Amino acid sequence: MGMNTQLARLCYASKTVKDEDEIRQDLMDILAEAVDFNGRHQVYGVLYYGNGKFFQCLEGSAEIVNTLFYEKITKDPRHSDVVLLDLADIDYVKFSRWSMKYAPYDKAMLRFFTDRGMAEFDPYSLQEQRLEDFVDYLLKI
Ligand SMILES: Cc1cc2nc3c(=O)[nH]c(=O)nc-3n(C[C@H](O)[C@H](O)[C@H](O)COP(=O)(O)O)c2cc1C
């Protein structure tokens with residue numbers, strides 16, 4: 001990455017279009033595509049799936065991250081209702097160890113939500129401090 005490359009972090013929420021039992025194959029395909037493209041373009045991040053919804057953060061060159069999101073991901077028929085939650089210039093990437101970290105749903109995750117008054121995972125309700133807390137949580141697990 002060039003010294004003058006502006007870095008950005010983009011987080012969004014979306015809904016899956018497949019049934020719960022069909023999502024596994026989509027997830028594996030998406031992760032394989034993500035690891036391949038992101039690895040070649042110094043894009044990093046995390047993808048979380050739970051309760052029929054996706055939450056993803058993309059980090060890297062602002063130009064590449066924006067193009068990936070608006071030209072590919074928002075047009076991808078494997079999900080719908082894509083809502084941008086946060087787009088910020090950053091000084092460093094948090095997920096530098098992962099081309100795309102996959103965070104599975106588990107009991108600890110459920111506790112993260114219930115501790116914050118959410119009955120279940122709802123990425124659309126993640127804003128400001130809660131969004132930042134969730135990203136840091138995904139970084140640690
Ligand atoms: C929830 C979700 C997350 C995705 N994340 C990425 C990603 O991080 N990187 C990526 O290259 N493609 C990602 N994709 C896949 C792209 O939308 C697209 O299918 C892929 O880049 C291949 O596009 P192409 O065949 O036009 O090159 C994601 C798709 C979905 C549905």
# chains A, B, ... in the order shown; residues from 1 in each chain; ligands from 1

call {"tool": "select_by_dssp", "arguments": {"residues": "stretch 6-121 of chain A", "states": "alpha helix (DSSP H)", "output": "number ranges by chain"}}
result
A: 23-40, 62-67, 107-114

call {"tool": "closest_atom_pairs", "arguments": {"of": "chain A", "to": "ligand 1", "cutoff": "6 Å", "atoms": "only C-alpha atoms and all ligand atoms", "output": "CSV"}}
result
residue,atom,partner,partner_atom_place_in_ligand_line,distance
A:Ile30,CA,ligand 1,28 (C),5.2
A:Glu33,CA,ligand 1,12 (N),5.3
A:Ala34,CA,ligand 1,9 (N),3.4
A:Phe37,CA,ligand 1,11 (O),4.4
A:Asn38,CA,ligand 1,9 (N),5.5
A:Phe54,CA,ligand 1,1 (C),5.9
A:Lys72,CA,ligand 1,17 (O),4.5
A:Ile73,CA,ligand 1,17 (O),3.6
A:Asp76,CA,ligand 1,17 (O),4.7
A:Arg78,CA,ligand 1,31 (C),5.0
A:His79,CA,ligand 1,31 (C),5.3

call {"tool": "write_last_selection", "arguments": {"atoms": "C-alpha atoms", "output": "compact mmCIF listing (two decimals), in the first residue's frame"}}
result
# COMPACT_ATOMS: atom_id res chain seq x y z
CA ILE A 30 -18.69 -15.71 0.02
CA GLU A 33 -14.38 -15.00 -2.76
CA ALA A 34 -13.62 -12.53 0.00
CA PHE A 37 -10.06 -10.72 -3.59
CA ASN A 38 -9.27 -9.09 -0.24
CA PHE A 54 -25.10 -10.35 8.04
CA LYS A 72 -20.14 -5.66 -5.91
CA ILE A 73 -21.49 -6.28 -2.43
CA ASP A 76 -24.94 -9.25 -4.74
CA ARG A 78 -27.27 -13.44 -2.03
CA HIS A 79 -28.48 -10.79 0.39

call {"tool": "atom_distance", "arguments": {"atom1": "atom CA of A:Tyr12", "atom2": "atom CA of A:Val35"}}
result
18.1 Å

call {"tool": "closest_residue", "arguments": {"among": "A:Leu7, A:Val46, A:Ala13, A:Ala32", "to": "A:Arg97", "atoms": "only C-alpha atoms"}}
result
A:Val46

call {"tool": "closest_residue", "arguments": {"among": "A:Met100, A:Cys57, A:Ile90, A:Val83", "to": "A:Asp136", "atoms": "only C-alpha atoms"}}
result
A:Cys57

call {"tool": "residues_around", "arguments": {"residues": "A:Val65", "least_positions_apart": "4", "cutoff": "10 Å", "atoms": "only C-alpha atoms", "output": "MDAnalysis selection string"}}
result
chainID A and resid 7:10 38 41:44 57:61 69:71 87

call {"tool": "residues_around", "arguments": {"residues": "A:Arg116", "least_positions_apart": "3", "cutoff": "12 Å", "atoms": "only C-alpha atoms", "output": "PDB file with N, CA and C atoms, in the first residue's frame"}}
result
ATOM      1  N   MET A 109     -21.698 -14.708  22.294  1.00  0.00           N
ATOM      2  CA  MET A 109     -22.207 -13.670  21.395  1.00  0.00           C
ATOM      3  C   MET A 109     -23.610 -13.244  21.817  1.00  0.00           C
ATOM      4  N   LEU A 110     -24.436 -14.242  22.126  1.00  0.00           N
ATOM      5  CA  LEU A 110     -25.803 -13.958  22.559  1.00  0.00           C
ATOM      6  C   LEU A 110     -25.775 -13.091  23.816  1.00  0.00           C
ATOM      7  N   ARG A 111     -24.824 -13.391  24.715  1.00  0.00           N
ATOM      8  CA  ARG A 111     -24.683 -12.606  25.941  1.00  0.00           C
ATOM      9  C   ARG A 111     -24.331 -11.146  25.619  1.00  0.00           C
ATOM     10  N   PHE A 112     -23.498 -10.945  24.606  1.00  0.00           N
ATOM     11  CA  PHE A 112     -23.146  -9.578  24.197  1.00  0.00           C
ATOM     12  C   PHE A 112     -24.420  -8.789  23.894  1.00  0.00           C
ATOM     13  N   PHE A 113     -25.356  -9.448  23.229  1.00  0.00           N
ATOM     14  CA  PHE A 113     -26.601  -8.767  22.851  1.00  0.00           C
ATOM     15  C   PHE A 113     -27.547  -8.599  24.025  1.00  0.00           C
ATOM     16  N   ALA A 119     -32.855  -8.753  22.374  1.00  0.00           N
ATOM     17  CA  ALA A 119     -33.297 -10.127  22.558  1.00  0.00           C
ATOM     18  C   ALA A 119     -32.499 -11.081  21.667  1.00  0.00           C
ATOM     19  N   GLU A 120     -32.118 -10.602  20.500  1.00  0.00           N
ATOM     20  CA  GLU A 120     -31.350 -11.426  19.566  1.00  0.00           C
ATOM     21  C   GLU A 120     -30.488 -10.519  18.692  1.00  0.00           C
ATOM     22  N   PHE A 121     -29.686 -11.133  17.868  1.00  0.00           N
ATOM     23  CA  PHE A 121     -28.776 -10.366  17.023  1.00  0.00           C
ATOM     24  C   PHE A 121     -29.534  -9.490  16.028  1.00  0.00           C
ATOM     25  N   ASP A 122     -29.339  -8.210  16.132  1.00  0.00           N
ATOM     26  CA  ASP A 122     -29.921  -7.288  15.162  1.00  0.00           C
ATOM     27  C   ASP A 122     -28.881  -6.240  14.770  1.00  0.00           C
ATOM     28  N   SER A 125     -29.501  -2.421  14.524  1.00  0.00           N
ATOM     29  CA  SER A 125     -29.605  -1.557  15.706  1.00  0.00           C
ATOM     30  C   SER A 125     -28.230  -1.104  16.217  1.00  0.00           C
ATOM     31  N   LEU A 126     -27.166  -1.517  15.519  1.00  0.00           N
ATOM     32  CA  LEU A 126     -25.819  -1.155  15.968  1.00  0.00           C
ATOM     33  C   LEU A 126     -25.459   0.248  15.502  1.00  0.00           C
ATOM     34  N   GLN A 129     -21.495   3.938  19.776  1.00  0.00           N
ATOM     35  CA  GLN A 129     -20.713   3.211  20.771  1.00  0.00           C
ATOM     36  C   GLN A 129     -20.951   1.709  20.699  1.00  0.00           C
ATOM     37  N   ARG A 130     -22.207   1.319  20.487  1.00  0.00           N
ATOM     38  CA  ARG A 130     -22.545  -0.095  20.460  1.00  0.00           C
ATOM     39  C   ARG A 130     -21.898  -0.781  19.246  1.00  0.00           C
ATOM     40  N   LEU A 131     -21.850  -0.066  18.127  1.00  0.00           N
ATOM     41  CA  LEU A 131     -21.204  -0.577  16.918  1.00  0.00           C
ATOM     42  C   LEU A 131     -19.705  -0.762  17.171  1.00  0.00           C
ATOM     43  N   ASP A 133     -18.231  -1.138  20.066  1.00  0.00           N
ATOM     44  CA  ASP A 133     -18.069  -2.242  21.024  1.00  0.00           C
ATOM     45  C   ASP A 133     -18.169  -3.591  20.314  1.00  0.00           C
ATOM     46  N   PHE A 134     -19.127  -3.712  19.387  1.00  0.00           N
ATOM     47  CA  PHE A 134     -19.327  -4.979  18.681  1.00  0.00           C
ATOM     48  C   PHE A 134     -18.111  -5.294  17.807  1.00  0.00           C
TER      49      PHE A 134
END

call {"tool": "atom_distance", "arguments": {"atom1": "atom CA of A:Gly52", "atom2": "atom CA of A:Lys15"}}
result
6.0 Å

call {"tool": "closest_residue", "arguments": {"among": "A:Ser80, A:Gly50, A:Leu68, A:Glu63", "to": "A:Val17", "atoms": "only C-alpha atoms"}}
result
A:Ser80

call {"tool": "closest_residue", "arguments": {"among": "A:Phe95, A:Leu27, A:Thr114, A:Gln127", "to": "A:Tyr48", "atoms": "only C-alpha atoms"}}
result
A:Leu27

call {"tool": "select_by_dssp", "arguments": {"residues": "stretch 57-123 of chain A", "states": "strand (DSSP E or B)", "output": "NGL selection string"}}
result
:A and (57-61 or 79-90 or 101-103)

call {"tool": "decode", "arguments": {"residues": "stretch 14-133 of chain A", "atoms": "C-alpha atoms", "output": "PDB file, in the first residue's frame"}}
result
ATOM      1  CA  SER A  14     -27.924  -6.968   5.430  1.00  0.00           C
ATOM      2  CA  LYS A  15     -30.425  -9.795   5.335  1.00  0.00           C
ATOM      3  CA  THR A  16     -29.892 -13.219   3.840  1.00  0.00           C
ATOM      4  CA  VAL A  17     -32.312 -14.341   1.158  1.00  0.00           C
ATOM      5  CA  LYS A  18     -31.851 -18.077   1.760  1.00  0.00           C
ATOM      6  CA  ASP A  19     -33.331 -20.345   4.372  1.00  0.00           C
ATOM      7  CA  GLU A  20     -31.235 -21.122   7.421  1.00  0.00           C
ATOM      8  CA  ASP A  21     -30.358 -24.609   6.122  1.00  0.00           C
ATOM      9  CA  GLU A  22     -29.149 -23.287   2.748  1.00  0.00           C
ATOM     10  CA  ILE A  23     -26.997 -20.463   4.043  1.00  0.00           C
ATOM     11  CA  ARG A  24     -23.941 -22.612   4.798  1.00  0.00           C
ATOM     12  CA  GLN A  25     -23.000 -23.034   1.126  1.00  0.00           C
ATOM     13  CA  ASP A  26     -23.451 -19.299   0.422  1.00  0.00           C
ATOM     14  CA  LEU A  27     -21.288 -18.490   3.430  1.00  0.00           C
ATOM     15  CA  MET A  28     -18.490 -20.754   2.250  1.00  0.00           C
ATOM     16  CA  ASP A  29     -18.646 -19.294  -1.274  1.00  0.00           C
ATOM     17  CA  ILE A  30     -18.690 -15.707   0.019  1.00  0.00           C
ATOM     18  CA  LEU A  31     -15.750 -16.319   2.346  1.00  0.00           C
ATOM     19  CA  ALA A  32     -13.702 -17.962  -0.421  1.00  0.00           C
ATOM     20  CA  GLU A  33     -14.375 -15.004  -2.762  1.00  0.00           C
ATOM     21  CA  ALA A  34     -13.623 -12.533   0.003  1.00  0.00           C
ATOM     22  CA  VAL A  35     -10.337 -14.142   1.050  1.00  0.00           C
ATOM     23  CA  ASP A  36      -9.196 -14.306  -2.588  1.00  0.00           C
ATOM     24  CA  PHE A  37     -10.062 -10.722  -3.592  1.00  0.00           C
ATOM     25  CA  ASN A  38      -9.270  -9.092  -0.240  1.00  0.00           C
ATOM     26  CA  GLY A  39      -5.941 -10.891  -0.004  1.00  0.00           C
ATOM     27  CA  ARG A  40      -4.912  -9.508  -3.374  1.00  0.00           C
ATOM     28  CA  HIS A  41      -6.056  -5.959  -2.548  1.00  0.00           C
ATOM     29  CA  GLN A  42      -4.951  -5.513   1.080  1.00  0.00           C
ATOM     30  CA  VAL A  43      -8.554  -5.489   2.240  1.00  0.00           C
ATOM     31  CA  TYR A  44      -9.225  -6.856   5.741  1.00  0.00           C
ATOM     32  CA  GLY A  45     -12.261  -7.320   7.916  1.00  0.00           C
ATOM     33  CA  VAL A  46     -14.826  -9.431   9.617  1.00  0.00           C
ATOM     34  CA  LEU A  47     -18.079 -11.112   8.611  1.00  0.00           C
ATOM     35  CA  TYR A  48     -20.671 -12.187  11.097  1.00  0.00           C
ATOM     36  CA  TYR A  49     -23.809 -14.141  10.323  1.00  0.00           C
ATOM     37  CA  GLY A  50     -26.631 -14.829  12.735  1.00  0.00           C
ATOM     38  CA  ASN A  51     -30.400 -14.798  12.930  1.00  0.00           C
ATOM     39  CA  GLY A  52     -30.776 -14.444   9.145  1.00  0.00           C
ATOM     40  CA  LYS A  53     -28.611 -11.332   9.021  1.00  0.00           C
ATOM     41  CA  PHE A  54     -25.102 -10.355   8.043  1.00  0.00           C
ATOM     42  CA  PHE A  55     -22.827  -7.809   9.645  1.00  0.00           C
ATOM     43  CA  GLN A  56     -19.598  -7.008   7.872  1.00  0.00           C
ATOM     44  CA  CYS A  57     -16.710  -4.572   8.295  1.00  0.00           C
ATOM     45  CA  LEU A  58     -14.329  -3.924   5.441  1.00  0.00           C
ATOM     46  CA  GLU A  59     -11.007  -2.186   6.019  1.00  0.00           C
ATOM     47  CA  GLY A  60      -8.406  -1.036   3.527  1.00  0.00           C
ATOM     48  CA  SER A  61      -7.803   1.604   0.880  1.00  0.00           C
ATOM     49  CA  ALA A  62     -10.860   3.885   0.936  1.00  0.00           C
ATOM     50  CA  GLU A  63     -11.125   3.696  -2.831  1.00  0.00           C
ATOM     51  CA  ILE A  64     -10.991  -0.108  -2.981  1.00  0.00           C
ATOM     52  CA  VAL A  65     -13.342  -0.581  -0.024  1.00  0.00           C
ATOM     53  CA  ASN A  66     -15.924   1.816  -1.505  1.00  0.00           C
ATOM     54  CA  THR A  67     -15.739   0.211  -4.938  1.00  0.00           C
ATOM     55  CA  LEU A  68     -16.024  -3.295  -3.474  1.00  0.00           C
ATOM     56  CA  PHE A  69     -19.043  -2.281  -1.425  1.00  0.00           C
ATOM     57  CA  TYR A  70     -20.961  -0.208  -3.984  1.00  0.00           C
ATOM     58  CA  GLU A  71     -20.043  -2.095  -7.180  1.00  0.00           C
ATOM     59  CA  LYS A  72     -20.142  -5.664  -5.913  1.00  0.00           C
ATOM     60  CA  ILE A  73     -21.495  -6.281  -2.428  1.00  0.00           C
ATOM     61  CA  THR A  74     -24.610  -4.054  -2.592  1.00  0.00           C
ATOM     62  CA  LYS A  75     -25.473  -5.694  -5.945  1.00  0.00           C
ATOM     63  CA  ASP A  76     -24.938  -9.245  -4.737  1.00  0.00           C
ATOM     64  CA  PRO A  77     -28.209 -11.248  -4.997  1.00  0.00           C
ATOM     65  CA  ARG A  78     -27.274 -13.444  -2.026  1.00  0.00           C
ATOM     66  CA  HIS A  79     -28.485 -10.787   0.387  1.00  0.00           C
ATOM     67  CA  SER A  80     -30.902  -7.834   0.532  1.00  0.00           C
ATOM     68  CA  ASP A  81     -31.691  -4.715   2.570  1.00  0.00           C
ATOM     69  CA  VAL A  82     -28.047  -3.656   2.646  1.00  0.00           C
ATOM     70  CA  VAL A  83     -27.723  -0.709   5.039  1.00  0.00           C
ATOM     71  CA  LEU A  84     -24.502   1.228   5.534  1.00  0.00           C
ATOM     72  CA  LEU A  85     -23.901   1.587   9.281  1.00  0.00           C
ATOM     73  CA  ASP A  86     -20.561   3.384   9.330  1.00  0.00           C
ATOM     74  CA  LEU A  87     -17.911   4.675   6.935  1.00  0.00           C
ATOM     75  CA  ALA A  88     -14.888   6.338   8.516  1.00  0.00           C
ATOM     76  CA  ASP A  89     -11.343   7.305   7.645  1.00  0.00           C
ATOM     77  CA  ILE A  90      -8.973   5.348   9.875  1.00  0.00           C
ATOM     78  CA  ASP A  91      -5.265   5.504  10.689  1.00  0.00           C
ATOM     79  CA  TYR A  92      -4.766   1.743  10.944  1.00  0.00           C
ATOM     80  CA  VAL A  93      -6.689  -1.440  10.203  1.00  0.00           C
ATOM     81  CA  LYS A  94      -7.918  -3.434  13.192  1.00  0.00           C
ATOM     82  CA  PHE A  95      -8.344  -6.750  11.350  1.00  0.00           C
ATOM     83  CA  SER A  96      -4.860  -6.817   9.789  1.00  0.00           C
ATOM     84  CA  ARG A  97      -4.556 -10.542  10.613  1.00  0.00           C
ATOM     85  CA  TRP A  98      -7.593 -11.514   8.547  1.00  0.00           C
ATOM     86  CA  SER A  99      -8.482 -11.124   4.848  1.00  0.00           C
ATOM     87  CA  MET A 100     -11.966 -11.837   6.181  1.00  0.00           C
ATOM     88  CA  LYS A 101     -12.443 -13.125   9.702  1.00  0.00           C
ATOM     89  CA  TYR A 102     -15.534 -15.230  10.153  1.00  0.00           C
ATOM     90  CA  ALA A 103     -17.219 -14.908  13.521  1.00  0.00           C
ATOM     91  CA  PRO A 104     -19.680 -17.680  14.373  1.00  0.00           C
ATOM     92  CA  TYR A 105     -22.753 -17.249  16.505  1.00  0.00           C
ATOM     93  CA  ASP A 106     -22.394 -18.728  19.970  1.00  0.00           C
ATOM     94  CA  LYS A 107     -23.527 -18.339  23.572  1.00  0.00           C
ATOM     95  CA  ALA A 108     -20.983 -15.631  24.387  1.00  0.00           C
ATOM     96  CA  MET A 109     -22.207 -13.670  21.395  1.00  0.00           C
ATOM     97  CA  LEU A 110     -25.803 -13.958  22.559  1.00  0.00           C
ATOM     98  CA  ARG A 111     -24.683 -12.606  25.941  1.00  0.00           C
ATOM     99  CA  PHE A 112     -23.146  -9.578  24.197  1.00  0.00           C
ATOM    100  CA  PHE A 113     -26.601  -8.767  22.851  1.00  0.00           C
ATOM    101  CA  THR A 114     -28.693  -9.609  25.896  1.00  0.00           C
ATOM    102  CA  ASP A 115     -26.323  -7.543  28.088  1.00  0.00           C
ATOM    103  CA  ARG A 116     -27.258  -4.588  25.883  1.00  0.00           C
ATOM    104  CA  GLY A 117     -30.982  -5.156  25.979  1.00  0.00           C
ATOM    105  CA  MET A 118     -31.298  -6.906  22.631  1.00  0.00           C
ATOM    106  CA  ALA A 119     -33.297 -10.127  22.558  1.00  0.00           C
ATOM    107  CA  GLU A 120     -31.350 -11.426  19.566  1.00  0.00           C
ATOM    108  CA  PHE A 121     -28.776 -10.366  17.023  1.00  0.00           C
ATOM    109  CA  ASP A 122     -29.921  -7.288  15.162  1.00  0.00           C
ATOM    110  CA  PRO A 123     -27.075  -5.582  13.306  1.00  0.00           C
ATOM    111  CA  TYR A 124     -29.427  -2.830  12.145  1.00  0.00           C
ATOM    112  CA  SER A 125     -29.605  -1.557  15.706  1.00  0.00           C
ATOM    113  CA  LEU A 126     -25.819  -1.155  15.968  1.00  0.00           C
ATOM    114  CA  GLN A 127     -24.903   2.491  16.157  1.00  0.00           C
ATOM    115  CA  GLU A 128     -22.024   4.588  17.447  1.00  0.00           C
ATOM    116  CA  GLN A 129     -20.713   3.211  20.771  1.00  0.00           C
ATOM    117  CA  ARG A 130     -22.545  -0.095  20.460  1.00  0.00           C
ATOM    118  CA  LEU A 131     -21.204  -0.577  16.918  1.00  0.00           C
ATOM    119  CA  GLU A 132     -17.666   0.187  18.103  1.00  0.00           C
ATOM    120  CA  ASP A 133     -18.069  -2.242  21.024  1.00  0.00           C
TER     121      ASP A 133
END
